[in-house]
$ cat final23.csv   # CSV, C-alpha atoms and all ligand atoms
chain,number,residue,atom,x,y,z
B,51,MET,CA,-16.7,48.7,-11.3
B,52,PRO,CA,-14.0,49.9,-13.7
B,53,ASP,CA,-15.1,49.7,-17.3
B,54,ALA,CA,-13.4,47.4,-19.8
B,55,ASP,CA,-11.7,50.3,-21.6
B,56,SER,CA,-10.0,51.6,-18.5
B,57,LYS,CA,-8.8,48.1,-17.6
B,58,SER,CA,-6.8,48.0,-20.8
B,59,PHE,CA,-5.4,51.5,-20.4
B,60,PHE,CA,-4.6,51.1,-16.7
B,61,PRO,CA,-3.0,47.8,-16.2
B,62,GLU,CA,-4.1,45.9,-13.0
B,63,SER,CA,-1.4,45.9,-10.3
B,64,ASP,CA,-0.6,45.1,-6.7
B,65,PHE,CA,0.5,48.7,-6.1
B,66,THR,CA,-0.8,51.9,-7.6
B,67,VAL,CA,1.4,54.9,-7.1
B,68,ILE,CA,0.2,58.5,-7.9
B,69,GLY,CA,3.1,60.9,-8.6
B,70,ALA,CA,6.2,59.7,-10.5
B,71,SER,CA,8.6,62.4,-9.2
B,72,PHE,CA,11.4,61.6,-6.7
B,73,ALA,CA,9.2,60.0,-3.9
B,74,GLY,CA,6.8,58.1,-6.1
B,75,SER,CA,9.4,56.7,-8.5
B,76,LEU,CA,11.8,55.7,-5.7
B,77,LEU,CA,9.0,53.9,-3.8
B,78,ALA,CA,7.8,52.2,-7.0
B,79,SER,CA,11.3,50.9,-7.6
B,80,LYS,CA,11.3,49.3,-4.1
B,81,LEU,CA,7.7,48.0,-4.3
B,82,ALA,CA,8.5,46.3,-7.6
B,83,ARG,CA,10.4,43.7,-5.5
B,84,TYR,CA,7.1,42.7,-3.9
B,85,GLY,CA,4.7,42.7,-6.8
B,86,SER,CA,3.4,44.6,-9.9
B,87,VAL,CA,3.5,48.4,-9.8
B,88,VAL,CA,1.8,51.0,-11.9
B,89,LEU,CA,2.9,54.6,-11.6
B,90,PHE,CA,0.8,57.6,-12.7
B,91,ASP,CA,1.8,61.2,-13.1
B,92,LYS,CA,-0.1,64.0,-14.8
B,93,ALA,CA,3.2,65.3,-16.2
B,94,GLN,CA,6.3,63.6,-17.7
B,95,PRO,CA,8.9,63.4,-14.8
B,96,GLY,CA,12.2,65.1,-15.5
B,97,ILE,CA,10.8,68.1,-17.2
B,98,ARG,CA,9.7,70.3,-14.4
B,99,LEU,CA,12.4,71.8,-12.1
B,100,LYS,CA,11.2,71.3,-8.5
B,101,CYS,CA,14.1,72.0,-6.3
B,102,ALA,CA,17.8,72.7,-5.8
B,103,GLY,CA,18.8,69.0,-6.0
B,104,GLY,CA,21.0,68.9,-2.9
B,105,ILE,CA,21.1,65.5,-1.3
B,106,ARG,CA,23.4,64.0,1.5
B,107,ASP,CA,26.2,62.0,-0.2
B,108,GLU,CA,25.4,58.8,1.7
B,109,GLU,CA,21.7,58.9,0.5
B,110,PHE,CA,22.8,59.6,-3.0
B,111,GLU,CA,25.1,56.5,-3.0
B,112,LYS,CA,22.2,54.4,-1.9
B,113,LEU,CA,20.1,55.5,-5.0
B,114,GLU,CA,22.6,53.6,-7.2
B,115,ILE,CA,22.1,55.9,-10.2
B,116,GLU,CA,24.7,57.3,-12.5
B,117,ILE,CA,23.9,60.9,-13.4
B,118,PRO,CA,26.1,64.0,-13.7
B,119,HIS,CA,26.6,65.6,-10.2
B,120,VAL,CA,28.9,67.7,-8.2
B,121,ARG,CA,30.3,66.7,-4.8
B,122,VAL,CA,30.7,69.4,-2.1
B,123,ASN,CA,32.3,69.0,1.3
B,124,ASN,CA,31.3,72.2,3.1
B,125,ILE,CA,28.3,74.2,4.1
B,126,ILE,CA,28.8,77.9,4.4
B,127,ILE,CA,26.2,80.0,6.2
B,128,SER,CA,26.2,83.8,6.0
B,129,ALA,CA,24.0,85.4,8.6
B,130,GLY,CA,23.8,88.9,10.0
B,131,GLY,CA,27.1,89.9,8.2
B,132,LYS,CA,29.0,87.0,9.7
B,133,THR,CA,30.0,83.8,7.8
B,134,SER,CA,30.6,80.4,9.4
B,135,GLY,CA,31.0,77.0,7.9
B,136,PHE,CA,31.3,73.3,8.7
B,137,LYS,CA,32.2,70.1,6.8
B,138,SER,CA,29.3,68.1,5.4
B,139,GLY,CA,29.2,65.8,2.3
B,140,TYR,CA,26.5,66.6,-0.2
B,141,VAL,CA,25.9,65.8,-3.9
B,142,VAL,CA,24.1,68.4,-6.1
B,143,ALA,CA,22.4,67.3,-9.4
B,144,ASP,CA,19.9,68.9,-11.7
B,145,ARG,CA,16.7,67.8,-10.1
B,146,ARG,CA,15.1,67.1,-13.5
B,147,VAL,CA,17.9,64.7,-14.3
B,148,LEU,CA,17.6,63.1,-10.9
B,149,ASP,CA,13.8,62.6,-11.3
B,150,ALA,CA,14.2,61.1,-14.8
B,151,ALA,CA,16.9,58.7,-13.5
B,152,ILE,CA,14.8,57.5,-10.6
B,153,LEU,CA,11.8,56.9,-12.9
B,154,GLU,CA,14.1,55.0,-15.2
B,155,LYS,CA,15.2,52.9,-12.2
B,156,ALA,CA,11.6,52.2,-11.3
B,157,ILE,CA,10.8,51.1,-14.8
B,158,ALA,CA,13.9,48.9,-15.0
B,159,SER,CA,12.7,47.3,-11.7
B,160,GLY,CA,9.4,46.4,-13.4
B,161,ALA,CA,7.1,49.3,-12.7
B,162,VAL,CA,4.8,50.5,-15.5
B,163,PHE,CA,4.5,54.3,-16.0
B,164,GLN,CA,1.3,55.9,-17.4
B,165,LYS,CA,0.7,59.6,-17.9
B,166,ALA,CA,-2.7,60.3,-16.2
B,167,GLU,CA,-4.0,62.7,-13.7
B,168,TYR,CA,-5.4,61.5,-10.4
B,169,ILE,CA,-8.8,63.1,-9.7
B,170,SER,CA,-10.1,61.2,-6.6
B,171,HIS,CA,-10.4,57.8,-5.0
B,172,ASP,CA,-13.1,55.9,-3.3
B,173,PRO,CA,-11.6,53.9,-0.3
B,174,GLY,CA,-14.9,52.0,0.2
B,175,LYS,CA,-14.7,50.5,-3.3
B,176,ASN,CA,-10.9,50.6,-3.9
B,177,ILE,CA,-11.5,52.7,-7.1
B,178,VAL,CA,-9.3,55.5,-8.3
B,179,LYS,CA,-10.6,58.1,-10.8
B,180,LEU,CA,-8.0,59.1,-13.4
B,181,ARG,CA,-8.0,61.6,-16.3
B,182,HIS,CA,-6.0,60.7,-19.4
B,183,GLY,CA,-6.3,63.1,-22.3
B,184,MET,CA,-10.0,64.2,-22.4
B,185,LYS,CA,-11.2,61.0,-20.9
B,186,THR,CA,-11.9,60.2,-17.2
B,187,SER,CA,-11.9,56.5,-16.1
B,188,ASP,CA,-12.2,54.5,-13.0
B,189,ALA,CA,-9.5,51.9,-12.2
B,190,ALA,CA,-9.4,49.4,-9.4
B,191,TYR,CA,-6.5,49.4,-6.9
B,192,ARG,CA,-5.3,47.0,-4.2
B,193,LYS,CA,-2.9,49.4,-2.5
B,194,LEU,CA,-2.9,53.1,-3.4
B,195,ILE,CA,0.1,55.4,-2.7
B,196,LEU,CA,-0.4,59.1,-3.0
B,197,ALA,CA,3.0,60.7,-3.7
B,198,LYS,CA,1.7,63.7,-5.5
B,199,GLY,CA,3.6,66.4,-3.6
B,200,PHE,CA,2.4,68.9,-1.0
B,201,VAL,CA,-1.3,69.3,-0.7
B,202,GLN,CA,-2.6,72.2,1.4
B,203,LYS,CA,-5.3,71.1,3.7
B,204,LEU,CA,-8.2,73.4,4.6
B,205,GLY,CA,-7.4,75.3,7.7
B,206,ASN,CA,-3.7,74.5,7.6
B,207,SER,CA,-1.7,77.3,6.1
B,208,PHE,CA,1.7,76.1,7.6
B,209,HIS,CA,3.9,75.8,4.6
B,210,GLY,CA,6.9,77.5,3.1
B,211,THR,CA,7.4,78.7,-0.5
B,212,SER,CA,10.6,78.4,-2.5
B,213,TYR,CA,11.9,79.4,-5.9
B,214,VAL,CA,14.9,78.1,-7.9
B,215,GLU,CA,16.8,79.0,-11.1
B,216,ILE,CA,19.4,77.1,-13.0
B,217,ILE,CA,21.9,79.6,-14.4
B,218,GLY,CA,24.8,79.3,-16.8
B,219,GLY,CA,28.0,80.2,-14.9
B,220,GLN,CA,30.4,78.9,-12.2
B,221,SER,CA,29.5,79.1,-8.5
B,222,LYS,CA,32.1,81.0,-6.6
B,223,TYR,CA,31.5,78.5,-3.8
B,224,ASP,CA,32.3,75.5,-6.0
B,225,ASP,CA,33.1,73.1,-3.1
B,226,SER,CA,30.3,74.2,-0.9
B,227,LEU,CA,26.6,74.7,-0.5
B,228,TYR,CA,26.3,78.4,0.3
B,229,PHE,CA,23.4,79.8,2.3
B,230,LYS,CA,22.6,83.4,3.1
B,231,ILE,CA,20.0,83.9,5.8
B,232,LEU,CA,17.2,86.4,4.9
B,233,GLU,CA,17.3,89.5,6.9
B,234,ASN,CA,13.6,90.5,7.1
B,235,GLN,CA,12.0,87.0,6.9
B,236,ILE,CA,12.6,83.4,8.1
B,237,GLY,CA,14.4,81.7,5.3
B,238,TYR,CA,17.5,81.8,3.1
B,239,TYR,CA,19.0,82.3,-0.3
B,240,TRP,CA,21.3,79.6,-1.7
B,241,ILE,CA,23.9,79.1,-4.3
B,242,PHE,CA,24.8,75.4,-5.2
B,243,PRO,CA,27.3,74.4,-7.9
B,244,LEU,CA,25.9,72.1,-10.7
B,245,PRO,CA,27.7,70.0,-13.3
B,246,ASP,CA,28.6,71.4,-16.8
B,247,GLY,CA,29.4,75.0,-15.7
B,248,LYS,CA,26.0,75.8,-14.2
B,249,LEU,CA,24.8,76.7,-10.8
B,250,ASN,CA,21.5,76.8,-9.1
B,251,VAL,CA,20.4,79.8,-7.0
B,252,GLY,CA,17.2,80.2,-5.1
B,253,ILE,CA,15.2,81.6,-2.2
B,254,GLY,CA,13.0,79.9,0.3
B,255,SER,CA,10.7,81.4,2.9
B,256,PHE,CA,9.6,79.2,5.8
B,257,SER,CA,7.2,81.5,7.4
B,258,LYS,CA,3.6,82.2,6.2
B,259,THR,CA,4.9,85.3,4.3
B,260,PRO,CA,6.0,84.4,0.8
B,261,PHE,CA,9.5,85.4,-0.3
B,262,SER,CA,10.1,88.7,-2.1
B,263,PRO,CA,11.1,88.5,-5.8
B,264,SER,CA,12.8,91.9,-5.6
B,265,ASP,CA,15.0,90.6,-2.7
B,266,PHE,CA,16.0,87.6,-4.8
B,267,LYS,CA,16.9,90.0,-7.7
B,268,ARG,CA,19.0,92.1,-5.4
B,269,PHE,CA,20.8,89.0,-4.0
B,270,LYS,CA,21.7,87.9,-7.5
B,271,GLU,CA,23.1,91.3,-8.3
B,272,GLU,CA,25.1,91.4,-5.1
B,273,GLU,CA,26.6,88.0,-5.9
B,274,ASN,CA,27.3,89.0,-9.5
B,275,ILE,CA,25.1,86.2,-10.9
B,276,ASN,CA,24.1,87.4,-14.3
B,277,GLY,CA,24.3,84.3,-16.5
B,278,GLU,CA,21.5,83.0,-18.7
B,279,VAL,CA,18.6,81.5,-16.8
B,280,VAL,CA,18.3,78.0,-18.2
B,281,SER,CA,15.4,76.8,-16.1
B,282,LYS,CA,13.0,78.0,-13.4
B,283,GLY,CA,10.9,76.2,-10.8
B,284,GLY,CA,10.0,75.8,-7.2
B,285,GLY,CA,7.0,75.2,-5.1
B,286,ARG,CA,5.6,74.9,-1.6
B,287,ILE,CA,7.3,73.2,1.3
B,288,PRO,CA,5.4,71.2,3.9
B,289,MET,CA,6.2,72.3,7.4
B,290,ARG,CA,4.6,69.5,9.4
B,291,PRO,CA,4.9,65.8,9.0
B,292,ALA,CA,1.7,63.8,8.8
B,293,ILE,CA,1.0,61.5,11.7
B,294,ALA,CA,-1.4,59.1,10.0
B,295,VAL,CA,0.3,58.1,6.7
B,296,MET,CA,-1.7,55.0,6.1
B,297,LYS,CA,-5.5,54.5,6.3
B,298,GLY,CA,-6.8,51.1,5.0
B,299,ASP,CA,-5.3,50.5,1.6
B,300,VAL,CA,-4.2,54.1,1.0
B,301,CYS,CA,-1.0,55.7,2.1
B,302,LEU,CA,0.9,59.0,1.7
B,303,PHE,CA,4.6,59.3,0.8
B,304,GLY,CA,7.1,62.2,0.2
B,305,ASP,CA,5.8,65.8,0.4
B,306,SER,CA,2.3,64.4,0.6
B,307,ALA,CA,3.3,63.0,4.0
B,308,GLY,CA,5.1,66.2,5.0
B,309,MET,CA,8.5,64.4,4.8
B,310,VAL,CA,10.6,67.6,4.9
B,311,LEU,CA,12.7,69.1,7.7
B,312,PRO,CA,11.0,72.4,8.3
B,313,LEU,CA,14.1,74.0,9.6
B,314,ASN,CA,15.9,73.9,6.2
B,315,GLY,CA,13.4,72.6,3.7
B,316,GLU,CA,15.4,69.4,3.0
B,317,GLY,CA,13.2,66.5,1.7
B,318,LEU,CA,15.1,64.2,-0.6
B,319,ARG,CA,17.3,62.8,2.2
B,320,TYR,CA,14.2,61.8,4.3
B,321,ILE,CA,12.3,60.4,1.4
B,322,SER,CA,15.3,58.3,0.4
B,323,ARG,CA,15.7,57.1,4.0
B,324,MET,CA,12.1,56.2,4.5
B,325,SER,CA,11.4,54.5,1.1
B,326,GLY,CA,12.5,51.0,2.3
B,327,LEU,CA,10.3,51.2,5.4
B,328,TRP,CA,7.3,52.3,3.3
B,329,ALA,CA,7.8,49.5,0.8
B,330,GLU,CA,8.2,46.8,3.5
B,331,CYS,CA,5.1,48.0,5.5
B,332,ILE,CA,2.8,48.4,2.5
B,333,ALA,CA,3.8,45.0,0.9
B,334,GLU,CA,4.0,43.0,4.1
B,335,LYS,CA,0.9,44.7,5.7
B,336,LYS,CA,2.8,46.0,8.7
B,337,ASN,CA,1.7,48.9,10.9
B,338,LEU,CA,3.2,51.8,9.0
B,339,ASN,CA,1.7,54.5,11.2
B,340,PHE,CA,3.3,53.0,14.3
B,341,ARG,CA,6.7,52.4,12.6
B,342,TRP,CA,6.7,55.9,11.1
B,343,VAL,CA,5.8,57.8,14.3
B,344,SER,CA,8.3,55.8,16.3
B,345,SER,CA,11.1,56.4,13.8
B,346,ARG,CA,14.0,58.8,14.4
B,347,THR,CA,13.2,60.6,11.1
B,348,PHE,CA,9.6,61.4,12.3
B,349,ALA,CA,10.9,62.6,15.7
B,350,ARG,CA,13.4,64.9,13.9
B,351,LEU,CA,10.9,66.3,11.4
B,352,TYR,CA,8.2,66.8,14.1
B,353,ALA,CA,10.7,68.4,16.5
B,354,GLY,CA,11.8,70.6,13.6
B,355,SER,CA,8.2,71.7,13.0
B,356,MET,CA,7.6,72.6,16.7
B,357,VAL,CA,10.9,74.6,16.8
B,358,MET,CA,9.9,76.4,13.6
B,359,GLN,CA,6.5,77.3,15.0
B,360,ILE,CA,8.2,78.7,18.1
B,361,ILE,CA,10.7,80.7,16.0
B,362,ILE,CA,7.9,82.1,13.9
B,363,PHE,CA,5.9,83.1,17.0
B,364,MET,CA,9.0,84.7,18.7
B,365,GLU,CA,10.0,86.6,15.6
B,366,LYS,CA,6.5,87.9,15.2
B,367,HIS,CA,6.0,89.0,18.8
B,368,PHE,CA,9.4,89.5,20.4
B,369,ARG,CA,12.7,89.1,18.6
B,370,LYS,CA,13.4,89.7,14.9
B,371,GLY,CA,16.4,87.8,13.6
B,372,LEU,CA,16.1,84.8,15.8
B,373,TYR,CA,16.2,82.3,12.9
B,374,SER,CA,19.4,84.0,11.6
B,375,PHE,CA,20.9,83.9,15.1
B,376,LEU,CA,20.1,80.2,15.6
B,377,CYS,CA,21.5,79.4,12.1
B,378,ARG,CA,24.8,81.1,13.1
B,379,ILE,CA,25.0,79.3,16.4
B,380,GLY,CA,24.1,76.0,14.8
B,381,ALA,CA,26.9,76.4,12.2
B,382,SER,CA,29.5,77.3,14.8
B,383,VAL,CA,28.5,74.3,17.0
B,384,ARG,CA,28.7,71.9,14.0
B,385,ASN,CA,32.0,73.4,13.1
B,386,ILE,CA,33.4,72.6,16.6
B,387,ILE,CA,31.9,69.1,16.6
B,388,ARG,CA,33.2,68.2,13.2
B,389,GLN,CA,36.8,69.5,13.7
M,401,LIG,C1,12.6,75.4,-4.5
M,401,LIG,C2,12.8,74.2,-3.7
M,401,LIG,C3,14.1,73.8,-3.4
M,401,LIG,C4,14.3,72.6,-2.7
M,401,LIG,N1,15.6,72.1,-2.6
M,401,LIG,C5,15.8,70.9,-2.0
M,401,LIG,C6,17.1,70.4,-1.9
M,401,LIG,O1,18.1,71.0,-2.4
M,401,LIG,N2,17.3,69.2,-1.2
M,401,LIG,C7,16.2,68.5,-0.7
M,401,LIG,O2,16.4,67.5,-0.1
M,401,LIG,N3,14.9,69.0,-0.8
M,401,LIG,C8,14.7,70.2,-1.4
M,401,LIG,N4,13.4,70.6,-1.5
M,401,LIG,C9,12.3,69.8,-1.1
M,401,LIG,C10,12.1,68.7,-2.1
M,401,LIG,O3,12.0,69.3,-3.4
M,401,LIG,C11,10.8,67.9,-1.9
M,401,LIG,O4,10.8,67.4,-0.6
M,401,LIG,C12,10.6,66.8,-2.9
M,401,LIG,O5,10.5,67.4,-4.2
M,401,LIG,C13,9.4,66.0,-2.7
M,401,LIG,O6,9.2,65.0,-3.7
M,401,LIG,P1,7.8,64.4,-4.0
M,401,LIG,O7,8.0,63.4,-5.1
M,401,LIG,O8,7.2,64.0,-2.7
M,401,LIG,O9,6.9,65.6,-4.6
M,401,LIG,P2,7.1,66.4,-5.9
M,401,LIG,O10,8.5,66.5,-6.3
M,401,LIG,O11,6.3,67.7,-5.7
M,401,LIG,O12,6.3,65.5,-7.0
M,401,LIG,C14,4.9,65.3,-7.0
M,401,LIG,C15,4.6,64.7,-8.4
M,401,LIG,O13,3.2,64.4,-8.3
M,401,LIG,C16,2.6,64.8,-9.6
M,401,LIG,N5,1.2,65.1,-9.3
M,401,LIG,C17,0.7,66.1,-8.6
M,401,LIG,N6,-0.6,66.0,-8.6
M,401,LIG,C18,-1.0,65.0,-9.4
M,401,LIG,C19,-2.2,64.4,-9.8
M,401,LIG,N7,-3.4,65.0,-9.4
M,401,LIG,N8,-2.2,63.4,-10.6
M,401,LIG,C20,-1.0,62.8,-11.0
M,401,LIG,N9,0.2,63.3,-10.7
M,401,LIG,C21,0.2,64.4,-9.9
M,401,LIG,C22,3.4,66.0,-10.0
M,401,LIG,O14,3.4,66.2,-11.4
M,401,LIG,C23,4.8,65.6,-9.6
M,401,LIG,O15,5.5,64.9,-10.6
M,401,LIG,C24,13.2,71.8,-2.2
M,401,LIG,C25,11.9,72.3,-2.4
M,401,LIG,C26,11.7,73.4,-3.2
M,401,LIG,C27,10.3,73.9,-3.4

$ encode --input "final23.csv" --output "structure tokens" --more "lines below"
Ligand SMILES: Cc1cc2nc3c(=O)[nH]c(=O)nc-3n(C[C@H](O)[C@H](O)[C@H](O)COP(=O)(O)OP(=O)(O)OC[C@H]3O[C@@H](n4cnc5c(N)ncnc54)[C@H](O)[C@@H]3O)c2cc1C
Amino acid sequence: MPDADSKSFFPESDFTVIGASFAGSLLASKLARYGSVVLFDKAQPGIRLKCAGGIRDEEFEKLEIEIPHVRVNNIIISAGGKTSGFKSGYVVADRRVLDAAILEKAIASGAVFQKAEYISHDPGKNIVKLRHGMKTSDAAYRKLILAKGFVQKLGNSFHGTSYVEIIGGQSKYDDSLYFKILENQIGYYWIFPLPDGKLNVGIGSFSKTPFSPSDFKRFKEEENINGEVVSKGGGRIPMRPAIAVMKGDVCLFGDSAGMVLPLNGEGLRYISRMSGLWAECIAEKKNLNFRWVSSRTFARLYAGSMVMQIIIFMEKHFRKGLYSFLCRIGASVRNIIRQ
């Protein structure tokens, strides 16, 4: 049983969400329509830079938040010395600002935020163990949502690694998301414009080999990016969506559920798209596992994961540069379709 002290520190609620970054806060804002929500994070959201902050324009509109952002209409892909592009509407924002705004939205919807670290949970007793300051307490939960980012499982090393910097200076591709495909690995560099005369630049590797910091330094030199580094961040990228996302009263959401397209590392769009389904199934006790695996998003992410595994295998044993070749073909096809 939770002790009396923990009851006062951790308010009782219908939904307990662990992780108040993009996924946790967005889901909390939707769950708040169905009951009381308490949201825990070990860190204050909006401080740590997690990603490049690029999100499809239609998903950004649905978030209904007002934050500084840049709209771009093109995607430029440079691969093997050739450059192709196609039209696509994206919004880019400072990810820290985005996370803070989504948390604010969750709180405005009625969710309560507490800074505490999740340690473990006992699904038999519906108890979650949390650390706050130097103290560890147990708190009861009715529904527990783990949205605490990518968790590497034992025996599963299939993930990507990515690094991002926010830098003072204008992007020379100010109306575009610019990607340069890595030559010796599966992945890419990127340059995205940001508001207030800043840009974000990064590198992501989707194979098991981590990206090379010296390659990233060289890329910045080649692109004449030499402004002041305002912030740095990054992290791991899940490369396979979870099939079982709900077990009893516990479910996974966001990177914890592998909700990322392994072909390009994009996650915000799918988290945003799935947040309504998650809230509905959790609150109305619907079969989330079935609804998830029969969704188009799951099919897309799962197929992306399979294709990526084939590319990694082929590059390792037969043909180097396959990812780069496919990116070029993909960009040309999309260019023709969207003309
Ligand atoms: C460098 C990089 C660039 C990317 N760029 C893009 C992009 O441009 N567009 C895009 O769509 N996607 C991008 N992605 C993917 C995207 O960032 C993720 O899909 C997204 O951040 C997932 O959000 P999340 O809330 O599930 O997880 P996270 O953002 O990882 O948040 C997890 C939260 O849980 C908290 N937490 C962790 N453990 C605990 C614990 N034990 N107790 C309490 N709290 C805990 C953390 O403090 C954190 O706040 C990028 C990823 C990387 C690494």

$ residues_near_point --input "final23.csv" --point "(6.7, 83.1, 14.9)" --cutoff "12 Å" --atoms "all atoms listed in the file" --output "list in words"
Phe208, Gln235, Ile236, Phe256, Ser257, Lys258, Thr259, Ser355, Met356, Val357, Met358, Gln359, Ile360, Ile361, Ile362, Phe363, Met364, Glu365, Lys366, His367, Phe368, Arg369, Lys370, Gly371, Leu372 and Tyr373 of chain B

$ closest_residue --input "final23.csv" --among "B:Gly96, B:Gly284, B:Gly247, B:Gly277" --to "ligand LIG 401 (chain M)" --atoms "only C-alpha atoms and all ligand atoms"
B:Gly284

$ closest_atom_pairs --input "final23.csv" --of "chain B" --to "ligand LIG 401 (chain M)" --cutoff "7 Å" --atoms "all atoms listed in the file" --output "Markdown table"
| residue | atom | partner | partner_atom | distance |
| --- | --- | --- | --- | --- |
| B:Ile68 | CA | M:LIG401 | C20 | 5.4 |
| B:Gly69 | CA | M:LIG401 | O13 | 3.5 |
| B:Ala70 | CA | M:LIG401 | O15 | 5.2 |
| B:Ser71 | CA | M:LIG401 | O15 | 4.2 |
| B:Phe72 | CA | M:LIG401 | O7 | 4.2 |
| B:Ala73 | CA | M:LIG401 | O7 | 3.8 |
| B:Gly74 | CA | M:LIG401 | O7 | 5.5 |
| B:Phe90 | CA | M:LIG401 | C20 | 5.8 |
| B:Asp91 | CA | M:LIG401 | N9 | 3.6 |
| B:Lys92 | CA | M:LIG401 | C20 | 4.1 |
| B:Ala93 | CA | M:LIG401 | O14 | 4.9 |
| B:Pro95 | CA | M:LIG401 | O15 | 5.6 |
| B:Lys100 | CA | M:LIG401 | O3 | 5.5 |
| B:Cys101 | CA | M:LIG401 | C3 | 3.4 |
| B:Ala102 | CA | M:LIG401 | O1 | 3.8 |
| B:Gly103 | CA | M:LIG401 | O1 | 4.2 |
| B:Gly104 | CA | M:LIG401 | O1 | 3.6 |
| B:Ile105 | CA | M:LIG401 | O2 | 5.2 |
| B:Ala166 | CA | M:LIG401 | C20 | 6.0 |
| B:Glu167 | CA | M:LIG401 | N8 | 3.7 |
| B:Tyr168 | CA | M:LIG401 | N8 | 3.7 |
| B:Ile169 | CA | M:LIG401 | N7 | 5.7 |
| B:Ala197 | CA | M:LIG401 | O8 | 5.4 |
| B:Lys198 | CA | M:LIG401 | O13 | 3.3 |
| B:Gly199 | CA | M:LIG401 | O9 | 3.5 |
| B:Phe200 | CA | M:LIG401 | O11 | 6.2 |
| B:Thr211 | CA | M:LIG401 | C27 | 6.3 |
| B:Ser212 | CA | M:LIG401 | C1 | 4.1 |
| B:Tyr213 | CA | M:LIG401 | C1 | 4.3 |
| B:Val214 | CA | M:LIG401 | C1 | 4.9 |
| B:Gly252 | CA | M:LIG401 | C1 | 6.7 |
| B:Gly254 | CA | M:LIG401 | C1 | 6.6 |
| B:Gly283 | CA | M:LIG401 | C1 | 6.6 |
| B:Gly284 | CA | M:LIG401 | C1 | 3.8 |
| B:Gly285 | CA | M:LIG401 | C27 | 3.9 |
| B:Arg286 | CA | M:LIG401 | C27 | 5.1 |
| B:Ile287 | CA | M:LIG401 | C27 | 5.6 |
| B:Phe303 | CA | M:LIG401 | O8 | 6.4 |
| B:Gly304 | CA | M:LIG401 | O8 | 3.4 |
| B:Asp305 | CA | M:LIG401 | O8 | 3.8 |
| B:Ser306 | CA | M:LIG401 | O8 | 5.9 |
| B:Met309 | CA | M:LIG401 | O4 | 6.6 |
| B:Val310 | CA | M:LIG401 | O4 | 5.5 |
| B:Gly315 | CA | M:LIG401 | N4 | 5.6 |
| B:Glu316 | CA | M:LIG401 | O2 | 3.8 |
| B:Gly317 | CA | M:LIG401 | O4 | 3.4 |
| B:Leu318 | CA | M:LIG401 | O2 | 3.6 |
| B:Arg319 | CA | M:LIG401 | O2 | 5.3 |

$ closest_residue --input "final23.csv" --among "B:Leu89, B:Val142, B:Ile231, B:Leu153" --to "Leu180 in chain B" --atoms "all atoms listed in the file"
B:Leu89

$ closest_residue --input "final23.csv" --among "B:Arg346, B:Arg268, B:Lys132, B:Arg323" --to "Ser374 in chain B" --atoms "all atoms listed in the file"
B:Lys132

$ residues_around --input "final23.csv" --residues "Val295 in chain B" --least-positions-apart "5" --cutoff "8 Å" --atoms "only C-alpha atoms" --output "PyMOL selection string"
chain B and resi 301-303+307+338-339

$ atom_distance --input "final23.csv" --atom1 "CA of Leu227 in chain B" --atom2 "CA of Lys267 in chain B"
19.5 Å

$ atom_distance --input "final23.csv" --atom1 "CA of Phe65 in chain B" --atom2 "CA of Arg192 in chain B"
6.3 Å

$ atom_distance --input "final23.csv" --atom1 "CA of Lys112 in chain B" --atom2 "CA of Ser325 in chain B"
11.2 Å

$ closest_residue --input "final23.csv" --among "B:Ile177, B:Met296, B:Ala129, B:Val279" --to "Glu233 in chain B" --atoms "all atoms listed in the file"
B:Ala129

$ closest_residue --input "final23.csv" --among "B:Ile152, B:Asp299, B:Asp107, B:Cys331" --to "Asp172 in chain B" --atoms "only C-alpha atoms"
B:Asp299

$ residues_around --input "final23.csv" --residues "Tyr238 in chain B" --least-positions-apart "6" --cutoff "8 Å" --atoms "all atoms listed in the file" --output "JSON, numbers by chain"
{"B": [229, 230, 231, 232, 253, 254, 255]}

$ residues_around --input "final23.csv" --residues "Ile126 in chain B" --least-positions-apart "5" --cutoff "6 Å" --atoms "all atoms listed in the file" --output "VMD selection string"
chain B and resid 134 to 135 228

$ residues_around --input "final23.csv" --residues "Gly139 in chain B" --least-positions-apart "6" --cutoff "9 Å" --atoms "only C-alpha atoms" --output "list in words"
Ile105, Arg106, Asp107, Glu108, Arg121, Val122, Asn123, Asn124 and Ile125 of chain B

$ closest_residue --input "final23.csv" --among "B:Ala143, B:Met324, B:Phe163, B:Ala294" --to "Phe340 in chain B" --atoms "all atoms listed in the file"
B:Ala294

$ residues_near_point --input "final23.csv" --point "(-13.1, 50.2, -4.4)" --cutoff "9 Å" --atoms "all atoms listed in the file" --output "list of chain:residue names"
B:Met51, B:His171, B:Asp172, B:Pro173, B:Gly174, B:Lys175, B:Asn176, B:Ile177, B:Val178, B:Ala189, B:Ala190, B:Tyr191, B:Arg192

$ residues_around --input "final23.csv" --residues "Gly354 in chain B" --least-positions-apart "3" --cutoff "8 Å" --atoms "all atoms listed in the file" --output "NGL selection string"
:B and (311-313 or 350-351 or 357-358)
